[in-house]
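K.L.:
So that we are looking at the same thing, I have put the structure below in C-alpha cells.
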Amino acid sequence: MKLLVTGGAGYIGSIVAQQLLAGGHEVVVLDSLERGHRAAVPDGARLLEIDLRDAEAVVDAVAEGFDGALHFAAYALVAESVARPEIYYRNNVLGSLNLLDGLRAAGVQRLVFSSTCAVYGEPEVVPMDETTPTRPVNSYGASKLAVDGMIADECRAHGLGAVSLRYFNVAGASGCLGEDHYPETHLIPNVLRAAQGLQDAVKIFGTDYPTPDGTAVRDYIHIEDLARAHVLALEGARPSEHRIFNLGSGDGYSVREVIEAVRTVTGLDVPVQEAGRRPGDPPRLVAANGRIRAELGWAPTKSLTEMVADAWAFAQERPHGYAGAGTH
Ligand code: UDP
C-alpha cells in the first residue's frame with residue numbers, strides 16, 4: 001500500500017513508518033519538523049515538510065493519492081496542554097480536521113489514529129477497557145477525544161474506515177530510532193539520563209499514592225509491539241466504521257519498579273529525589289487489552305526489561321538525542 005504517515009519524524013510515527021517500510025509498503029511522511037527530527041525519518045520514506053495547520057498545503061499534499069493514512073502528528077505534553085490549551089486545540093483538533101478534509105477530497109478510505117488513554121482521565125475502575133467513561137482531565141486528552149469524535153462522525157457521514165488506538169505508556173526504542181523530546185518529561189528516558197549523569201537525579205513524583213510502594217503505576221508497552229498494532233489496525237479498518245482499541249501490555253509497574261529495572265539493566269546507580277505528585281497524575285493506569293487481542297489478534301511480546309534495555313542502547317548511542325542537547 002501507499003501510506004501517508006503524519007508525524008513520521010516523531011518517536012512513534014518514525015518507528016511505525018520503519019515497520020511499514022519493512023513490510024514492503026510505500027511511505028510518505030508529512031511532518032512540520034517543529035518537534036520531530038529530520039534524522040528520525042527512516043531511509044526509504046519521502047518527507048513532505050508541511051504543517052497540518054496549513055489547510056491548503058495539506059489538501060494539496062494528500063491529493064497525490066494514498067491507500068491509507070496513519071495520523072501521529074500532534075502536541076503531546078500534558079503540562080503544556082494545561083498551560084496553553086489553545087495551541088492543543090489548534091494543532092491537534094484543527095490539524096486533524098484539515099487532514100480529514102484532505103483524505104475525503106482525495107478519496108482515502110483508511111485511517112489509523114494515534115489516540116491516548118488520557119481520554120479516560122482518572123478512571124474509577126482499573127484495568128480500563130474501552131467502555132471506561134471518557135472524562136479527560138487535561139487539554140491534551142480533551143483534544144485527542146475531540147478528534148476521536150470527529151473521526152467517528154466522518155466514518156458515519158462519508159464512509160471512512162478508521163481505527164483509533166488508545167496508547168498507554170509507550171517505551172523503548174527500535175534499532176537506531178528512539179525517544180528524543182525536548183523537554184523530556186517521560187519516566188524511562190529521565191531515569192536513564194540520571195543513570196548517565198546527564199541530570200542530577202530523577203524525581204519521583206509522588207510517594208503517597210494508594211499503591212503497594214506508594215508510587216504511581218503505569219502500563220508500559222514496547223514501541224515495537226505498539227507499532228505492530230498499527231499494521232493490524234490498518235488491515236482491520238472497515239468502511240463506515242470507527243473502531244477503538246486500548247493498546248497497552250496489561251501489566252502495571254510502579255515508578256520505583258521502573259527505576260529498579262534501569263539499575264538492573266544498566267548496572268549503574270540511579271540517584272533519586274522524592275518529590276510531590278505531578279498535578280493530574282492518577283495513581284494507577286493499566287489497560288484491559290482483551291478487545292485488541294480478540295479482534296485484531298494482537299498480543300504484547302516484550303517485557304519491561306526489554307523496553308529499558310532498548311531505550312538504554314538508544315541513550316548510549318545518542319546521549320543528546322538526534323541533534324544534540326536542547327535542539328531538535
Ligand atoms: N514520573 C516520575 N518522574 C519523572 C517522570 C515521570 O516520577 O521524571 C512518573 C509520573 O508521575 C507517572 C509515571 O512516572 O506516574 C509515568 O510518567 P510519564 O511522564 O512517563 O508518562 P505519563 O503516565 O504521564 O503519560
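Every chain in the C-alpha cells takes a letter, A first, then B, and so on in the order presented; its residues are numbered from 1, and the ligands are numbered from 1 following the presented order.
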Residues near Val41 in chain A, anyone? I mean within 9 Å using only C-alpha atoms, not counting same-chain ones fewer than 3 positions away, as a ChimeraX atom specification.
P.N.:
/A:8-10,13-15,17-18,29,36-38,44-47,177
K.L.:
Mind writing the picked residues with all heavy atoms as a JSON list (two decimals), in the first residue's frame?
P.N.:
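What follows is the written file result-v9.json:
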[["chain", "number", "residue", "atom", "x", "y", "z"],
["A", 8, "GLY", "N", 5.63, 11.47, 11.10],
["A", 8, "GLY", "CA", 6.58, 10.38, 10.89],
["A", 8, "GLY", "C", 8.02, 10.72, 11.23],
["A", 8, "GLY", "O", 8.91, 9.89, 11.10],
["A", 9, "ALA", "N", 8.25, 11.97, 11.71],
["A", 9, "ALA", "CA", 9.58, 12.34, 12.19],
["A", 9, "ALA", "C", 9.63, 12.33, 13.71],
["A", 9, "ALA", "O", 10.62, 12.70, 14.31],
["A", 9, "ALA", "CB", 9.96, 13.73, 11.67],
["A", 10, "GLY", "N", 8.53, 11.89, 14.33],
["A", 10, "GLY", "CA", 8.48, 11.81, 15.79],
["A", 10, "GLY", "C", 8.80, 10.41, 16.28],
["A", 10, "GLY", "O", 9.06, 9.50, 15.48],
["A", 13, "GLY", "N", 5.74, 7.82, 15.35],
["A", 13, "GLY", "CA", 5.50, 7.82, 13.90],
["A", 13, "GLY", "C", 6.69, 7.28, 13.11],
["A", 13, "GLY", "O", 6.52, 6.55, 12.13],
["A", 14, "SER", "N", 7.90, 7.62, 13.54],
["A", 14, "SER", "CA", 9.09, 7.18, 12.78],
["A", 14, "SER", "C", 9.24, 5.67, 12.87],
["A", 14, "SER", "O", 9.61, 5.01, 11.89],
["A", 14, "SER", "CB", 10.35, 7.89, 13.27],
["A", 14, "SER", "OG", 10.64, 7.54, 14.61],
["A", 15, "ILE", "N", 8.95, 5.10, 14.03],
["A", 15, "ILE", "CA", 9.15, 3.67, 14.20],
["A", 15, "ILE", "C", 8.04, 2.88, 13.50],
["A", 15, "ILE", "O", 8.28, 1.83, 12.90],
["A", 15, "ILE", "CB", 9.31, 3.32, 15.70],
["A", 15, "ILE", "CG1", 10.64, 3.93, 16.18],
["A", 15, "ILE", "CG2", 9.24, 1.82, 15.95],
["A", 15, "ILE", "CD1", 10.91, 3.86, 17.67],
["A", 17, "ALA", "N", 6.61, 4.03, 10.78],
["A", 17, "ALA", "CA", 7.00, 4.18, 9.36],
["A", 17, "ALA", "C", 8.05, 3.15, 8.99],
["A", 17, "ALA", "O", 8.01, 2.52, 7.92],
["A", 17, "ALA", "CB", 7.51, 5.60, 9.10],
["A", 18, "GLN", "N", 9.01, 2.94, 9.88],
["A", 18, "GLN", "CA", 10.07, 1.96, 9.65],
["A", 18, "GLN", "C", 9.48, 0.55, 9.49],
["A", 18, "GLN", "O", 9.87, -0.19, 8.60],
["A", 18, "GLN", "CB", 11.04, 2.00, 10.82],
["A", 18, "GLN", "CG", 12.29, 1.19, 10.68],
["A", 18, "GLN", "CD", 13.14, 1.28, 11.95],
["A", 18, "GLN", "OE1", 12.65, 1.11, 13.07],
["A", 18, "GLN", "NE2", 14.40, 1.57, 11.78],
["A", 29, "VAL", "N", 6.04, 10.58, 4.56],
["A", 29, "VAL", "CA", 5.92, 11.21, 5.88],
["A", 29, "VAL", "C", 5.52, 12.67, 5.70],
["A", 29, "VAL", "O", 6.13, 13.39, 4.90],
["A", 29, "VAL", "CB", 7.27, 11.13, 6.63],
["A", 29, "VAL", "CG1", 7.31, 12.08, 7.83],
["A", 29, "VAL", "CG2", 7.54, 9.69, 7.08],
["A", 36, "GLY", "N", 9.50, 17.23, 15.52],
["A", 36, "GLY", "CA", 10.09, 16.00, 15.01],
["A", 36, "GLY", "C", 11.52, 16.25, 14.56],
["A", 36, "GLY", "O", 12.02, 17.38, 14.63],
["A", 37, "HIS", "N", 12.16, 15.20, 14.11],
["A", 37, "HIS", "CA", 13.58, 15.27, 13.73],
["A", 37, "HIS", "C", 13.77, 14.71, 12.33],
["A", 37, "HIS", "O", 13.38, 13.57, 12.08],
["A", 37, "HIS", "CB", 14.42, 14.44, 14.70],
["A", 37, "HIS", "CG", 14.07, 14.68, 16.14],
["A", 37, "HIS", "ND1", 14.61, 15.70, 16.87],
["A", 37, "HIS", "CD2", 13.19, 14.05, 16.96],
["A", 37, "HIS", "CE1", 14.11, 15.68, 18.09],
["A", 37, "HIS", "NE2", 13.24, 14.69, 18.17],
["A", 38, "ARG", "N", 14.40, 15.49, 11.48],
["A", 38, "ARG", "CA", 14.66, 15.01, 10.12],
["A", 38, "ARG", "C", 15.40, 13.67, 10.16],
["A", 38, "ARG", "O", 15.12, 12.76, 9.40],
["A", 38, "ARG", "CB", 15.48, 16.06, 9.36],
["A", 38, "ARG", "CG", 15.57, 15.83, 7.86],
["A", 38, "ARG", "CD", 16.42, 16.92, 7.19],
["A", 38, "ARG", "NE", 15.82, 18.24, 7.29],
["A", 38, "ARG", "CZ", 14.91, 18.72, 6.43],
["A", 38, "ARG", "NH1", 14.52, 18.00, 5.41],
["A", 38, "ARG", "NH2", 14.41, 19.93, 6.59],
["A", 44, "GLY", "N", 14.19, 5.61, 3.00],
["A", 44, "GLY", "CA", 13.20, 4.97, 2.14],
["A", 44, "GLY", "C", 11.86, 5.67, 2.19],
["A", 44, "GLY", "O", 11.01, 5.47, 1.32],
["A", 45, "ALA", "N", 11.65, 6.53, 3.22],
["A", 45, "ALA", "CA", 10.40, 7.30, 3.28],
["A", 45, "ALA", "C", 10.64, 8.67, 2.64],
["A", 45, "ALA", "O", 11.70, 9.25, 2.81],
["A", 45, "ALA", "CB", 9.96, 7.46, 4.72],
["A", 46, "ARG", "N", 9.64, 9.16, 1.92],
["A", 46, "ARG", "CA", 9.73, 10.52, 1.36],
["A", 46, "ARG", "C", 9.16, 11.49, 2.38],
["A", 46, "ARG", "O", 8.11, 11.21, 2.97],
["A", 46, "ARG", "CB", 8.93, 10.55, 0.04],
["A", 46, "ARG", "CG", 8.85, 11.90, -0.64],
["A", 46, "ARG", "CD", 8.60, 11.72, -2.15],
["A", 46, "ARG", "NE", 7.46, 10.87, -2.42],
["A", 46, "ARG", "CZ", 6.22, 11.33, -2.68],
["A", 46, "ARG", "NH1", 5.98, 12.62, -2.72],
["A", 46, "ARG", "NH2", 5.23, 10.49, -2.95],
["A", 47, "LEU", "N", 9.85, 12.61, 2.61],
["A", 47, "LEU", "CA", 9.38, 13.59, 3.61],
["A", 47, "LEU", "C", 8.74, 14.79, 2.94],
["A", 47, "LEU", "O", 9.33, 15.42, 2.06],
["A", 47, "LEU", "CB", 10.57, 14.06, 4.47],
["A", 47, "LEU", "CG", 10.28, 15.23, 5.42],
["A", 47, "LEU", "CD1", 9.29, 14.83, 6.51],
["A", 47, "LEU", "CD2", 11.59, 15.74, 6.04],
["A", 177, "LEU", "N", 16.26, 4.15, 16.08],
["A", 177, "LEU", "CA", 15.19, 5.13, 16.31],
["A", 177, "LEU", "C", 14.70, 5.04, 17.75],
["A", 177, "LEU", "O", 14.43, 3.94, 18.25],
["A", 177, "LEU", "CB", 14.02, 4.89, 15.35],
["A", 177, "LEU", "CG", 14.35, 5.01, 13.86],
["A", 177, "LEU", "CD1", 13.11, 4.69, 13.01],
["A", 177, "LEU", "CD2", 14.86, 6.41, 13.52]]
K.L.:
Quick one: contact table of range 166-249 of chain A to range 105-112 of chain A, 10 Å max, nearest atom pair and distance in Å to one decimal per residue, counting only C-alpha atoms, chain and number order, as a Markdown table?
P.N.:
| residue | atom | partner | partner_atom | distance |
| --- | --- | --- | --- | --- |
| A:His230 | CA | A:Val112 | CA | 7.0 |
| A:Val231 | CA | A:Val112 | CA | 9.1 |
| A:Leu232 | CA | A:Val112 | CA | 9.9 |
| A:Ala233 | CA | A:Val112 | CA | 6.7 |
| A:Leu234 | CA | A:Val112 | CA | 6.2 |
| A:Glu235 | CA | A:Arg110 | CA | 8.8 |
| A:Gly236 | CA | A:Arg110 | CA | 9.3 |
| A:Ala237 | CA | A:Arg110 | CA | 6.2 |
| A:Arg238 | CA | A:Arg110 | CA | 7.8 |
| A:Pro239 | CA | A:Gln109 | CA | 7.2 |
| A:Ser240 | CA | A:Gln109 | CA | 9.1 |
| A:His242 | CA | A:Leu111 | CA | 9.3 |
| A:Arg243 | CA | A:Val112 | CA | 9.5 |
| A:Ile244 | CA | A:Val112 | CA | 9.9 |
K.L.:
Excluding same-chain residues fewer than 4 positions from Arg263 in chain A, what lies within 10 Å of it counting only C-alpha atoms, as JSON, numbers by chain?
P.N.:
{"A": [191, 192, 195, 257, 258, 259, 267, 268, 269, 270, 308]}
K.L.:
Could you give me, as number ranges by chain, the residues within 12 Å of Thr116 in chain A, counting only C-alpha atoms and dropping anything in the same chain fewer than 5 positions from it?
P.N.:
A: 72, 74, 76, 78, 121, 130, 134, 136, 138, 140-148, 164-170, 244-248, 285, 287
K.L.:
Let me see the file: selected residues, N, CA and C atoms, as an mmCIF file, in the first residue's frame.
P.N.:
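out-v9.cif was written with the following content:
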data_model
loop_
_atom_site.group_PDB
_atom_site.id
_atom_site.type_symbol
_atom_site.label_atom_id
_atom_site.label_comp_id
_atom_site.auth_asym_id
_atom_site.auth_seq_id
_atom_site.Cartn_x
_atom_site.Cartn_y
_atom_site.Cartn_z
ATOM 1 N N PHE A 72 -0.181 10.615 13.379
ATOM 2 C CA PHE A 72 0.503 10.766 14.668
ATOM 3 C C PHE A 72 0.765 12.228 15.035
ATOM 4 N N ALA A 74 0.961 15.576 16.415
ATOM 5 C CA ALA A 74 0.198 16.267 17.461
ATOM 6 C C ALA A 74 1.161 16.789 18.508
ATOM 7 N N ALA A 76 1.949 16.774 22.444
ATOM 8 C CA ALA A 76 1.664 15.669 23.369
ATOM 9 C C ALA A 76 2.261 15.866 24.762
ATOM 10 N N VAL A 78 1.398 16.961 28.471
ATOM 11 C CA VAL A 78 0.226 17.212 29.313
ATOM 12 C C VAL A 78 0.303 18.576 29.999
ATOM 13 N N GLY A 121 -9.084 10.086 31.545
ATOM 14 C CA GLY A 121 -8.868 10.873 32.761
ATOM 15 C C GLY A 121 -8.459 10.004 33.929
ATOM 16 N N GLU A 130 -12.470 -0.351 26.889
ATOM 17 C CA GLU A 130 -12.909 0.736 26.007
ATOM 18 C C GLU A 130 -14.265 1.308 26.427
ATOM 19 N N THR A 134 -15.264 8.437 29.187
ATOM 20 C CA THR A 134 -14.215 9.369 28.735
ATOM 21 C C THR A 134 -14.411 10.715 29.435
ATOM 22 N N PRO A 136 -11.583 13.323 30.149
ATOM 23 C CA PRO A 136 -10.194 13.788 30.222
ATOM 24 C C PRO A 136 -10.013 14.873 31.273
ATOM 25 N N ASN A 138 -7.128 16.845 31.198
ATOM 26 C CA ASN A 138 -6.236 17.883 30.669
ATOM 27 C C ASN A 138 -6.565 18.101 29.196
ATOM 28 N N TYR A 140 -4.703 18.019 26.595
ATOM 29 C CA TYR A 140 -4.140 17.020 25.679
ATOM 30 C C TYR A 140 -5.174 15.910 25.452
ATOM 31 N N GLY A 141 -5.659 15.320 26.551
ATOM 32 C CA GLY A 141 -6.652 14.244 26.443
ATOM 33 C C GLY A 141 -7.936 14.744 25.791
ATOM 34 N N ALA A 142 -8.341 15.968 26.128
ATOM 35 C CA ALA A 142 -9.575 16.523 25.553
ATOM 36 C C ALA A 142 -9.421 16.713 24.044
ATOM 37 N N SER A 143 -8.238 17.154 23.615
ATOM 38 C CA SER A 143 -8.043 17.381 22.173
ATOM 39 C C SER A 143 -8.064 16.045 21.420
ATOM 40 N N LYS A 144 -7.491 15.008 21.996
ATOM 41 C CA LYS A 144 -7.493 13.689 21.334
ATOM 42 C C LYS A 144 -8.914 13.110 21.311
ATOM 43 N N LEU A 145 -9.661 13.336 22.399
ATOM 44 C CA LEU A 145 -11.043 12.836 22.435
ATOM 45 C C LEU A 145 -11.901 13.562 21.390
ATOM 46 N N ALA A 146 -11.647 14.863 21.227
ATOM 47 C CA ALA A 146 -12.393 15.624 20.213
ATOM 48 C C ALA A 146 -12.116 15.042 18.824
ATOM 49 N N VAL A 147 -10.871 14.661 18.576
ATOM 50 C CA VAL A 147 -10.529 14.098 17.262
ATOM 51 C C VAL A 147 -11.192 12.720 17.096
ATOM 52 N N ASP A 148 -11.192 11.918 18.163
ATOM 53 C CA ASP A 148 -11.899 10.631 18.076
ATOM 54 C C ASP A 148 -13.361 10.862 17.667
ATOM 55 N N SER A 164 -8.987 3.983 16.006
ATOM 56 C CA SER A 164 -8.252 4.770 17.000
ATOM 57 C C SER A 164 -7.588 3.818 17.975
ATOM 58 N N LEU A 165 -6.293 4.015 18.170
ATOM 59 C CA LEU A 165 -5.555 3.204 19.145
ATOM 60 C C LEU A 165 -5.251 4.088 20.351
ATOM 61 N N ARG A 166 -5.769 3.683 21.499
ATOM 62 C CA ARG A 166 -5.579 4.493 22.712
ATOM 63 C C ARG A 166 -4.394 3.939 23.489
ATOM 64 N N TYR A 167 -3.264 4.614 23.293
ATOM 65 C CA TYR A 167 -1.996 4.139 23.859
ATOM 66 C C TYR A 167 -1.927 4.350 25.361
ATOM 67 N N PHE A 168 -1.244 3.421 26.018
ATOM 68 C CA PHE A 168 -0.832 3.621 27.404
ATOM 69 C C PHE A 168 0.616 4.159 27.361
ATOM 70 N N ASN A 169 1.547 3.708 28.202
ATOM 71 C CA ASN A 169 2.869 4.353 28.248
ATOM 72 C C ASN A 169 3.861 3.676 27.297
ATOM 73 N N VAL A 170 4.140 4.330 26.206
ATOM 74 C CA VAL A 170 4.996 3.759 25.173
ATOM 75 C C VAL A 170 6.463 3.952 25.575
ATOM 76 N N ILE A 244 -12.343 1.326 18.039
ATOM 77 C CA ILE A 244 -11.489 1.881 19.099
ATOM 78 C C ILE A 244 -10.876 0.737 19.896
ATOM 79 N N PHE A 245 -9.560 0.812 20.113
ATOM 80 C CA PHE A 245 -8.866 -0.223 20.896
ATOM 81 C C PHE A 245 -7.930 0.417 21.912
ATOM 82 N N ASN A 246 -7.982 -0.079 23.132
ATOM 83 C CA ASN A 246 -6.943 0.279 24.099
ATOM 84 C C ASN A 246 -5.696 -0.517 23.758
ATOM 85 N N LEU A 247 -4.546 0.136 23.883
ATOM 86 C CA LEU A 247 -3.302 -0.508 23.477
ATOM 87 C C LEU A 247 -2.263 -0.379 24.596
ATOM 88 N N GLY A 248 -2.208 -1.427 25.408
ATOM 89 C CA GLY A 248 -1.233 -1.491 26.499
ATOM 90 C C GLY A 248 -0.883 -2.949 26.728
ATOM 91 N N LEU A 285 -2.871 3.453 36.105
ATOM 92 C CA LEU A 285 -3.470 3.351 34.768
ATOM 93 C C LEU A 285 -2.955 2.071 34.124
ATOM 94 N N ALA A 287 -4.097 -1.001 31.151
ATOM 95 C CA ALA A 287 -5.041 -1.337 30.069
ATOM 96 C C ALA A 287 -5.654 -2.721 30.273
#
K.L.:
Taking into account only C-alpha atoms, which residue in the set A:Ala288, A:Tyr322, A:Ala313, A:Asp219 is nearest to Val265 in chain A?
P.N.:
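Of the candidates, the smallest distance to Val265 in chain A is held by A:Ala313.
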K.L.:
Any idea what's packed within 8 Å of Asn98 in chain A, counting only C-alpha atoms, ignoring anything in its chain fewer than 5 positions away? Could you give it as a list in words?
P.N.:
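Selected residues are Leu52, Arg53, Asp54, Ala55, Val58 and Val59 of chain A.
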K.L.:
Just to confirm, what's the straight-line distance from CA of Ile204 in chain A to CA of Val255 in chain A in Å (one decimal)?
P.N.:
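Pair CA of Ile204 in chain A / CA of Val255 in chain A returns 7.0 Å.
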K.L.:
Would you mind writing down, as number ranges by chain, each residue of range 137-258 of chain A that DSSP on the backbone assigns to helix (DSSP H, G or I)?
P.N.:
A: 139-158, 187-195, 223-236, 255-258
K.L.:
For the selection just defined, write its residues with N, CA and C atoms to a file, as a tab-separated table (two decimals), in the first residue's frame.
P.N.:
chain	number	residue	atom	x	y	z
A	139	SER	N	-6.06	19.21	28.65
A	139	SER	CA	-6.43	19.58	27.28
A	139	SER	C	-5.82	18.65	26.25
A	140	TYR	N	-4.70	18.02	26.60
A	140	TYR	CA	-4.14	17.02	25.68
A	140	TYR	C	-5.17	15.91	25.45
A	141	GLY	N	-5.66	15.32	26.55
A	141	GLY	CA	-6.65	14.24	26.44
A	141	GLY	C	-7.94	14.74	25.79
A	142	ALA	N	-8.34	15.97	26.13
A	142	ALA	CA	-9.58	16.52	25.55
A	142	ALA	C	-9.42	16.71	24.04
A	143	SER	N	-8.24	17.15	23.62
A	143	SER	CA	-8.04	17.38	22.17
A	143	SER	C	-8.06	16.05	21.42
A	144	LYS	N	-7.49	15.01	22.00
A	144	LYS	CA	-7.49	13.69	21.33
A	144	LYS	C	-8.91	13.11	21.31
A	145	LEU	N	-9.66	13.34	22.40
A	145	LEU	CA	-11.04	12.84	22.43
A	145	LEU	C	-11.90	13.56	21.39
A	146	ALA	N	-11.65	14.86	21.23
A	146	ALA	CA	-12.39	15.62	20.21
A	146	ALA	C	-12.12	15.04	18.82
A	147	VAL	N	-10.87	14.66	18.58
A	147	VAL	CA	-10.53	14.10	17.26
A	147	VAL	C	-11.19	12.72	17.10
A	148	ASP	N	-11.19	11.92	18.16
A	148	ASP	CA	-11.90	10.63	18.08
A	148	ASP	C	-13.36	10.86	17.67
A	149	GLY	N	-13.98	11.90	18.25
A	149	GLY	CA	-15.38	12.20	17.92
A	149	GLY	C	-15.53	12.63	16.47
A	150	MET	N	-14.60	13.46	15.99
A	150	MET	CA	-14.65	13.92	14.59
A	150	MET	C	-14.51	12.74	13.64
A	151	ILE	N	-13.61	11.83	14.00
A	151	ILE	CA	-13.36	10.67	13.13
A	151	ILE	C	-14.60	9.78	13.09
A	152	ALA	N	-15.23	9.58	14.24
A	152	ALA	CA	-16.46	8.75	14.28
A	152	ALA	C	-17.51	9.34	13.34
A	153	ASP	N	-17.66	10.67	13.38
A	153	ASP	CA	-18.67	11.32	12.53
A	153	ASP	C	-18.30	11.24	11.06
A	154	GLU	N	-16.99	11.37	10.79
A	154	GLU	CA	-16.51	11.28	9.40
A	154	GLU	C	-16.82	9.89	8.84
A	155	CYS	N	-16.62	8.86	9.65
A	155	CYS	CA	-16.89	7.49	9.21
A	155	CYS	C	-18.37	7.33	8.89
A	156	ARG	N	-19.22	7.81	9.79
A	156	ARG	CA	-20.67	7.69	9.60
A	156	ARG	C	-21.15	8.45	8.37
A	157	ALA	N	-20.64	9.67	8.22
A	157	ALA	CA	-21.16	10.53	7.15
A	157	ALA	C	-20.57	10.21	5.79
A	158	HIS	N	-19.28	9.85	5.75
A	158	HIS	CA	-18.60	9.78	4.46
A	158	HIS	C	-17.94	8.44	4.16
A	187	LEU	N	9.22	9.09	32.01
A	187	LEU	CA	9.96	8.48	33.11
A	187	LEU	C	11.24	7.75	32.65
A	188	ILE	N	11.11	6.80	31.72
A	188	ILE	CA	12.27	5.95	31.41
A	188	ILE	C	13.45	6.76	30.86
A	189	PRO	N	13.23	7.66	29.87
A	189	PRO	CA	14.39	8.46	29.42
A	189	PRO	C	14.99	9.30	30.54
A	190	ASN	N	14.15	9.80	31.44
A	190	ASN	CA	14.70	10.62	32.53
A	190	ASN	C	15.48	9.79	33.54
A	191	VAL	N	15.03	8.57	33.79
A	191	VAL	CA	15.80	7.70	34.70
A	191	VAL	C	17.15	7.37	34.05
A	192	LEU	N	17.13	7.13	32.76
A	192	LEU	CA	18.38	6.82	32.05
A	192	LEU	C	19.32	8.03	32.08
A	193	ARG	N	18.76	9.21	31.93
A	193	ARG	CA	19.60	10.42	31.97
A	193	ARG	C	20.27	10.55	33.34
A	194	ALA	N	19.50	10.24	34.40
A	194	ALA	CA	20.08	10.30	35.75
A	194	ALA	C	21.17	9.24	35.89
A	195	ALA	N	20.94	8.05	35.33
A	195	ALA	CA	21.95	6.98	35.41
A	195	ALA	C	23.23	7.39	34.68
A	223	ILE	N	7.61	-0.02	22.16
A	223	ILE	CA	7.30	0.69	20.92
A	223	ILE	C	7.14	-0.27	19.73
A	224	GLU	N	7.90	-1.36	19.71
A	224	GLU	CA	7.77	-2.28	18.56
A	224	GLU	C	6.47	-3.07	18.64
A	225	ASP	N	6.03	-3.43	19.85
A	225	ASP	CA	4.72	-4.08	19.99
A	225	ASP	C	3.62	-3.10	19.58
A	226	LEU	N	3.78	-1.86	20.01
A	226	LEU	CA	2.79	-0.83	19.68
A	226	LEU	C	2.74	-0.60	18.17
A	227	ALA	N	3.91	-0.52	17.55
A	227	ALA	CA	3.96	-0.26	16.11
A	227	ALA	C	3.27	-1.39	15.34
A	228	ARG	N	3.49	-2.62	15.79
A	228	ARG	CA	2.88	-3.77	15.11
A	228	ARG	C	1.36	-3.67	15.12
A	229	ALA	N	0.81	-3.14	16.19
A	229	ALA	CA	-0.65	-3.00	16.27
A	229	ALA	C	-1.18	-2.06	15.17
A	230	HIS	N	-0.35	-1.12	14.73
A	230	HIS	CA	-0.81	-0.19	13.68
A	230	HIS	C	-0.99	-0.88	12.34
A	231	VAL	N	-0.11	-1.83	12.09
A	231	VAL	CA	-0.22	-2.58	10.83
A	231	VAL	C	-1.51	-3.39	10.86
A	232	LEU	N	-1.80	-4.03	12.00
A	232	LEU	CA	-3.04	-4.82	12.13
A	232	LEU	C	-4.26	-3.90	12.05
A	233	ALA	N	-4.15	-2.72	12.66
A	233	ALA	CA	-5.27	-1.78	12.65
A	233	ALA	C	-5.59	-1.33	11.23
A	234	LEU	N	-4.55	-1.07	10.48
A	234	LEU	CA	-4.73	-0.63	9.09
A	234	LEU	C	-5.48	-1.70	8.30
A	235	GLU	N	-5.06	-2.94	8.51
A	235	GLU	CA	-5.73	-4.06	7.81
A	235	GLU	C	-7.15	-4.26	8.33
A	236	GLY	N	-7.38	-3.88	9.60
A	236	GLY	CA	-8.69	-4.11	10.22
A	236	GLY	C	-9.68	-2.97	10.05
A	255	VAL	N	6.68	3.48	39.66
A	255	VAL	CA	7.87	4.29	39.34
A	255	VAL	C	9.10	3.65	39.96
A	256	ARG	N	8.99	3.19	41.19
A	256	ARG	CA	10.17	2.55	41.83
A	256	ARG	C	10.58	1.27	41.10
A	257	GLU	N	9.61	0.51	40.62
A	257	GLU	CA	9.96	-0.72	39.88
A	257	GLU	C	10.68	-0.39	38.57
A	258	VAL	N	10.26	0.70	37.92
A	258	VAL	CA	10.94	1.11	36.68
A	258	VAL	C	12.38	1.52	36.99
K.L.:
May I ask for the distance between CA of Val125 in chain A and atom 14 (O, counted along the ligand's line) of ligand 1, given in Å to one decimal place?
P.N.:
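It comes out at 19.8 Å.
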K.L.:
With a distance cut-off of 12 Å and only C-alpha atoms, select the neighbouring residues of Cys176 in chain A, excluding the residue or stretch itself and same-chain residues fewer than 2 positions from it, and output the selection as a list in words.
P.N.:
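With the cut-off at 12 Å, the set is Tyr11, Ser14, Ile15, Gln18, Ala39, Ala40, Val41, Pro42, Asp43, Gly172, Ala173, Ser174, Gly178, Glu179, Asp180, Asp310, Ala311, Trp312, Ala313, Phe314, Ala315, Gln316, Glu317, Arg318, Gly321 and Tyr322 of chain A.
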K.L.:
Could the residues in this selection be saved with C-alpha atoms as a PDB file, in the first residue's frame?
P.N.:
ATOM      1  CA  TYR A  11       9.184   8.962  18.204  1.00  0.00           C
ATOM      2  CA  SER A  14       9.087   7.181  12.776  1.00  0.00           C
ATOM      3  CA  ILE A  15       9.149   3.665  14.203  1.00  0.00           C
ATOM      4  CA  GLN A  18      10.073   1.964   9.647  1.00  0.00           C
ATOM      5  CA  ALA A  39      17.160  12.342  11.202  1.00  0.00           C
ATOM      6  CA  ALA A  40      14.324  10.187  12.569  1.00  0.00           C
ATOM      7  CA  VAL A  41      12.555   9.871   9.204  1.00  0.00           C
ATOM      8  CA  PRO A  42      13.505   6.347   8.141  1.00  0.00           C
ATOM      9  CA  ASP A  43      15.524   5.769   4.982  1.00  0.00           C
ATOM     10  CA  GLY A 172      11.828   1.533  24.381  1.00  0.00           C
ATOM     11  CA  ALA A 173      13.487   2.051  21.033  1.00  0.00           C
ATOM     12  CA  SER A 174      13.830   0.254  17.738  1.00  0.00           C
ATOM     13  CA  GLY A 178      14.127   6.183  19.780  1.00  0.00           C
ATOM     14  CA  GLU A 179      12.691   8.802  22.045  1.00  0.00           C
ATOM     15  CA  ASP A 180      14.037  12.376  21.856  1.00  0.00           C
ATOM     16  CA  ASP A 310      16.402  -0.899  24.109  1.00  0.00           C
ATOM     17  CA  ALA A 311      15.934   2.634  25.473  1.00  0.00           C
ATOM     18  CA  TRP A 312      19.360   2.277  27.142  1.00  0.00           C
ATOM     19  CA  ALA A 313      21.010   1.239  23.861  1.00  0.00           C
ATOM     20  CA  PHE A 314      19.490   4.313  22.163  1.00  0.00           C
ATOM     21  CA  ALA A 315      20.523   6.614  25.040  1.00  0.00           C
ATOM     22  CA  GLN A 316      24.115   5.374  24.805  1.00  0.00           C
ATOM     23  CA  GLU A 317      24.157   5.751  21.039  1.00  0.00           C
ATOM     24  CA  ARG A 318      22.639   9.237  21.172  1.00  0.00           C
ATOM     25  CA  GLY A 321      19.168  12.799  21.071  1.00  0.00           C
ATOM     26  CA  TYR A 322      19.113  13.219  17.323  1.00  0.00           C
TER      27      TYR A 322
END
K.L.:
Just the strand (DSSP E) stuff from range 21-266 of chain A, please, per backbone DSSP, written as a PyMOL selection string.
P.N.:
chain A and resi 26-31+46-49+68-71+110-116+161-167+169-171+202-205+217-218+220-222+242-247+253-254
K.L.:
Provide the CA of Ala275 in chain A to CA of Ala83 in chain A distance in Å, to one decimal place.
P.N.:
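Separating CA of Ala275 in chain A from CA of Ala83 in chain A is a distance of 20.9 Å.
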